[in-house]
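Taking it in order: structure first as structure tokens, then the write-up.
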Amino acid sequence: MKVITFLNEKGGVGKTTLATHLAAGLARAGRRVVLLDADPQGHATLSLGVEKAPGLYDLLVRDARFQDVLCPADPTRFCLPDEDPQGALHLIPSNIETRSIPIQISDAFVVADRIQELRDLFDLVVVDTPPTPSMLHGSIYLATDALIYPTKCEYLSFDGLSESLTHREMMAATRERWGMPPLQVLAIIPTMFRPNTLVHTENLHQLRERFGEKVWPPIALRTIWAEASTVGQLIFRFAPSSPAAADAESLVSRMQHWLAEPPA
Ligand SMILES: Nc1ncnc2c1ncn2[C@@H]1O[C@H](COP(=O)(O)OP(=O)(O)OP(=O)(O)O)[C@@H](O)[C@H]1O
Ligand SMILES: [Mg+2]
């Protein structure tokens with residue numbers, strides 16, 4: 001089992017959109033996936049049509065059992081009408097109580113320890129995080145194998161990216177002290193990209209100069225993403241032949257390669 005976390009300390013850059021589509025796309029393709037909603041906004045929870053609930057809070061603070069917290073996701077949200085997912089998608093829901101987790105927990109390894117209970121049952125845990133950093137981020141850094149940073153090709157998103165990378169560096173020392181493997185930056189994904197604008201193309205160029213192959217193909221700005229979410233569906237269901245669905249599929253297949261690699 002591997003754990004991947006979506007991060008960017010700038011809000012509204014596509015973390016939840018990509019986390020939910022990656023988790024659902026891999027479940028369609030045969031993987032057993034848990035989507036862990038670590039954001040008090042509970043947007044990943046809502047995107048899968050589940051009611052907001054203190055799933056993560058119950059796990060970490062009230063020591064709940066996984067079987068009482070994991071919610072199976074409804075395939076009609078993300079599969080075609082005549083399709084069953086070849087794998088499975090479960091959600092650990094979130095609500096406003098997630099915000100008080102940092103003041104309730106003292107063990108930085110609590111997320112890592114709890115997630116390990118899932119290791120024989122699932123192939124992947126996908127973590128969606130809020131934009132505001134907290135001590136919960138610290139625990140997530142100790143529980144994750146790799147990070148994906150969605151970013152707009154704009155100044156403030158780059159600032160969020162750079163703040164996030166600084167925090168990753170700070171946690172790298174803690175991981176090393178505990179004999180853990182380095183925390184991999186798997187990808188920086190330009191989102192809501194407008195190829196016909198100078199500002200986005202120039203900023204993408206800069207991103208590639210700095211991070212090279214870690215910068216994955218940009219995901220274009222398309223209204224269809226918001227349209228799908230408005231009717232409570234993921235893009236695979238709402239517009240399976242759209243260019244947006246092709247972008248999501250391409251992310252899924254890149255992740256399949258990563259999942260096939262042996263752990264660090
Ligand atoms: N490629 C895209 N083109 C157009 N709209 C998009 C695209 N990707 C995401 N969106 C829309 O942008 C909005 C913000 O996306 P999302 O909620 O995924 O960002 P976020 O980084 O999770 O935000 P937060 O930091 O608040 O959690 C949503 O309404 C979503 O539907
Ligand atoms: Mg979000």
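Going through the structure tokens in order, the chains are called A, B, and so on, while each chain numbers its residues from 1 and the ligands are numbered from 1 in the order shown.
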Exercise for the section: May I ask you to write as number ranges by chain all residues lying at most 10 Å from ligand 1, with only C-alpha atoms and all ligand atoms counted? Expected result: A: 6-21, 38-44, 47, 128-132, 149-152, 157, 190-194, 218-230, 234, 244, 247-248
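Near Ala146 (chain A), within 10 Å and counting only C-alpha atoms, sit A:Lys2, A:Val3, A:Ile4, A:Thr5, A:Phe6, A:Tyr141, A:Pro182, A:Leu183, A:Gln184, A:Val185, A:Leu186, A:Ala187; same-chain residues fewer than 5 positions away were not included.
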Exercise for the section: Give the helix (DSSP H, G or I) residues of region 92-162 of chain A, as DSSP finds them on the backbone, and put them as a PyMOL selection string. Expected result: chain A and resi 96-104+110-116+135-141+155-162
Take the selection from the previous step and output its residues with C-alpha atoms, as a CSV table (one decimal), in the first residue's frame.
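part-v1.csv, written as the output of this step:
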```
chain,number,residue,atom,x,y,z
A,96,ILE,CA,-15.5,21.0,10.7
A,97,GLU,CA,-14.3,18.9,13.6
A,98,THR,CA,-11.1,18.0,11.6
A,99,ARG,CA,-10.0,21.6,12.4
A,100,SER,CA,-9.6,20.7,16.1
A,101,ILE,CA,-7.6,17.5,15.5
A,102,PRO,CA,-4.2,19.3,16.0
A,103,ILE,CA,-5.1,20.5,19.5
A,104,GLN,CA,-6.4,17.0,20.5
A,110,VAL,CA,-0.9,8.9,14.9
A,111,VAL,CA,-1.9,9.3,11.2
A,112,ALA,CA,0.9,7.0,10.0
A,113,ASP,CA,0.0,4.4,12.7
A,114,ARG,CA,-3.7,4.3,11.9
A,115,ILE,CA,-3.2,4.3,8.1
A,116,GLN,CA,-0.9,1.3,8.5
A,135,MET,CA,0.0,20.3,13.0
A,136,LEU,CA,-2.2,17.8,11.1
A,137,HIS,CA,-0.1,18.5,8.0
A,138,GLY,CA,2.9,17.5,10.1
A,139,SER,CA,1.4,14.2,10.9
A,140,ILE,CA,0.4,13.7,7.3
A,141,TYR,CA,4.0,14.3,6.2
A,155,TYR,CA,2.1,34.2,-8.8
A,156,LEU,CA,0.1,33.5,-5.6
A,157,SER,CA,-0.2,29.8,-6.4
A,158,PHE,CA,3.6,29.6,-6.8
A,159,ASP,CA,3.9,31.3,-3.4
A,160,GLY,CA,1.7,28.6,-1.9
A,161,LEU,CA,3.8,26.0,-3.7
A,162,SER,CA,7.0,27.4,-2.4
```
Practice task
Compare A:Ala73, A:Leu36, A:Ala143, A:Ala239 by their minimum atom-to-atom distance to ligand 2, counting only C-alpha atoms and all ligand atoms, and give me the closest one.
Solution key: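 Comparing A:Ala73, A:Leu36, A:Ala143, A:Ala239 against ligand 2, the winner is A:Leu36.
The interatomic distance for the pair CA of Leu124 (chain A) and CA of Met1 (chain A) works out to 5.2 Å.
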Exercise for the section: Could you give me, as a list of chain:residue names, the residues within 9 Å of Leu251 (chain A), counting only C-alpha atoms and dropping anything in the same chain fewer than 4 positions from it? Expected result: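 Counting only C-alpha atoms, the residues come to A:Leu18, A:His21, A:Leu22, A:Gly25, A:Trp216, A:Pro217, A:Ala246, A:Asp247, A:Met255, A:Gln256.
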Take the selection from the previous step and output its residues with C-alpha atoms, as a CSV table (one decimal), in the first residue's frame.
```csv
chain,number,residue,atom,x,y,z
A,18,LEU,CA,-7.5,16.0,-8.7
A,21,HIS,CA,-10.6,12.0,-9.7
A,22,LEU,CA,-7.3,10.2,-9.1
A,25,GLY,CA,-10.1,6.8,-11.7
A,216,TRP,CA,3.5,16.9,-15.4
A,217,PRO,CA,1.3,18.0,-18.4
A,246,ALA,CA,-8.8,12.6,-21.1
A,247,ASP,CA,-6.7,14.8,-18.8
A,255,MET,CA,-0.1,7.1,-11.2
A,256,GLN,CA,-0.5,3.4,-12.3
```
Practice task
Can you check which residues of region 155-227 of chain A DSSP gives as strand (DSSP E) on the backbone and send them as a list in words?
Solution key: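 Strand (DSSP E) assignments inside region 155-227 of chain A correspond to Gln184, Val185, Leu186, Ala187, Ile188, Ile189, Pro190 and Thr191 of chain A.
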Write the selection just made, keeping N, CA and C atoms, as a tab-separated table (two decimals), in the first residue's frame?
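That gives us out_14.tsv:
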```tsv
chain	number	residue	atom	x	y	z
A	184	GLN	N	9.08	11.82	-1.21
A	184	GLN	CA	9.24	12.07	-2.64
A	184	GLN	C	8.28	13.17	-3.13
A	185	VAL	N	8.79	14.12	-3.92
A	185	VAL	CA	7.89	15.01	-4.66
A	185	VAL	C	7.61	14.31	-5.97
A	186	LEU	N	6.43	13.75	-6.09
A	186	LEU	CA	6.14	12.95	-7.28
A	186	LEU	C	5.83	13.85	-8.47
A	187	ALA	N	5.03	14.90	-8.22
A	187	ALA	CA	4.60	15.71	-9.36
A	187	ALA	C	4.18	17.10	-8.93
A	188	ILE	N	4.38	18.03	-9.85
A	188	ILE	CA	3.79	19.36	-9.75
A	188	ILE	C	2.87	19.45	-10.95
A	189	ILE	N	1.58	19.63	-10.69
A	189	ILE	CA	0.63	19.59	-11.81
A	189	ILE	C	0.04	20.99	-12.04
A	190	PRO	N	0.39	21.62	-13.16
A	190	PRO	CA	-0.24	22.90	-13.48
A	190	PRO	C	-1.73	22.68	-13.75
A	191	THR	N	-2.57	23.44	-13.06
A	191	THR	CA	-4.02	23.26	-13.24
A	191	THR	C	-4.64	24.56	-13.76
```
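Nearest residue to Leu60 (chain A) among A:Asp107, A:Asp84, A:Pro75, A:Asp120 is A:Asp107, counting only C-alpha atoms.
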Practice task
Can you pull out every residue within 8 Å of Val50 (chain A), counting only C-alpha atoms, but drop anything in the same chain fewer than 4 positions away, and send it as a list in words?
Solution key: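 The contact residues come out as Thr45, Leu46, Cys71, Ala73 and Pro93 of chain A.
Using only C-alpha atoms and all ligand atoms for every distance, the candidate list A:Ser94, A:Ser242, A:Thr76, A:Gln86 yields A:Ser94 as the residue closest to ligand 2.
Our summary of the geometry notes that CA of Asp58 (chain A) is positioned 16.4 Å from CA of Ala108 (chain A).
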Exercise for the section: Rank nothing, just name the residue among A:Cys153, A:Val127, A:Val252, A:Ala264 nearest to ligand 2, using only C-alpha atoms and all ligand atoms. Expected result: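 Closest to ligand 2 of all the choices is A:Val127.
Here CA of Glu117 (chain A) stands at a distance of 14.1 Å from CA of Leu56 (chain A).
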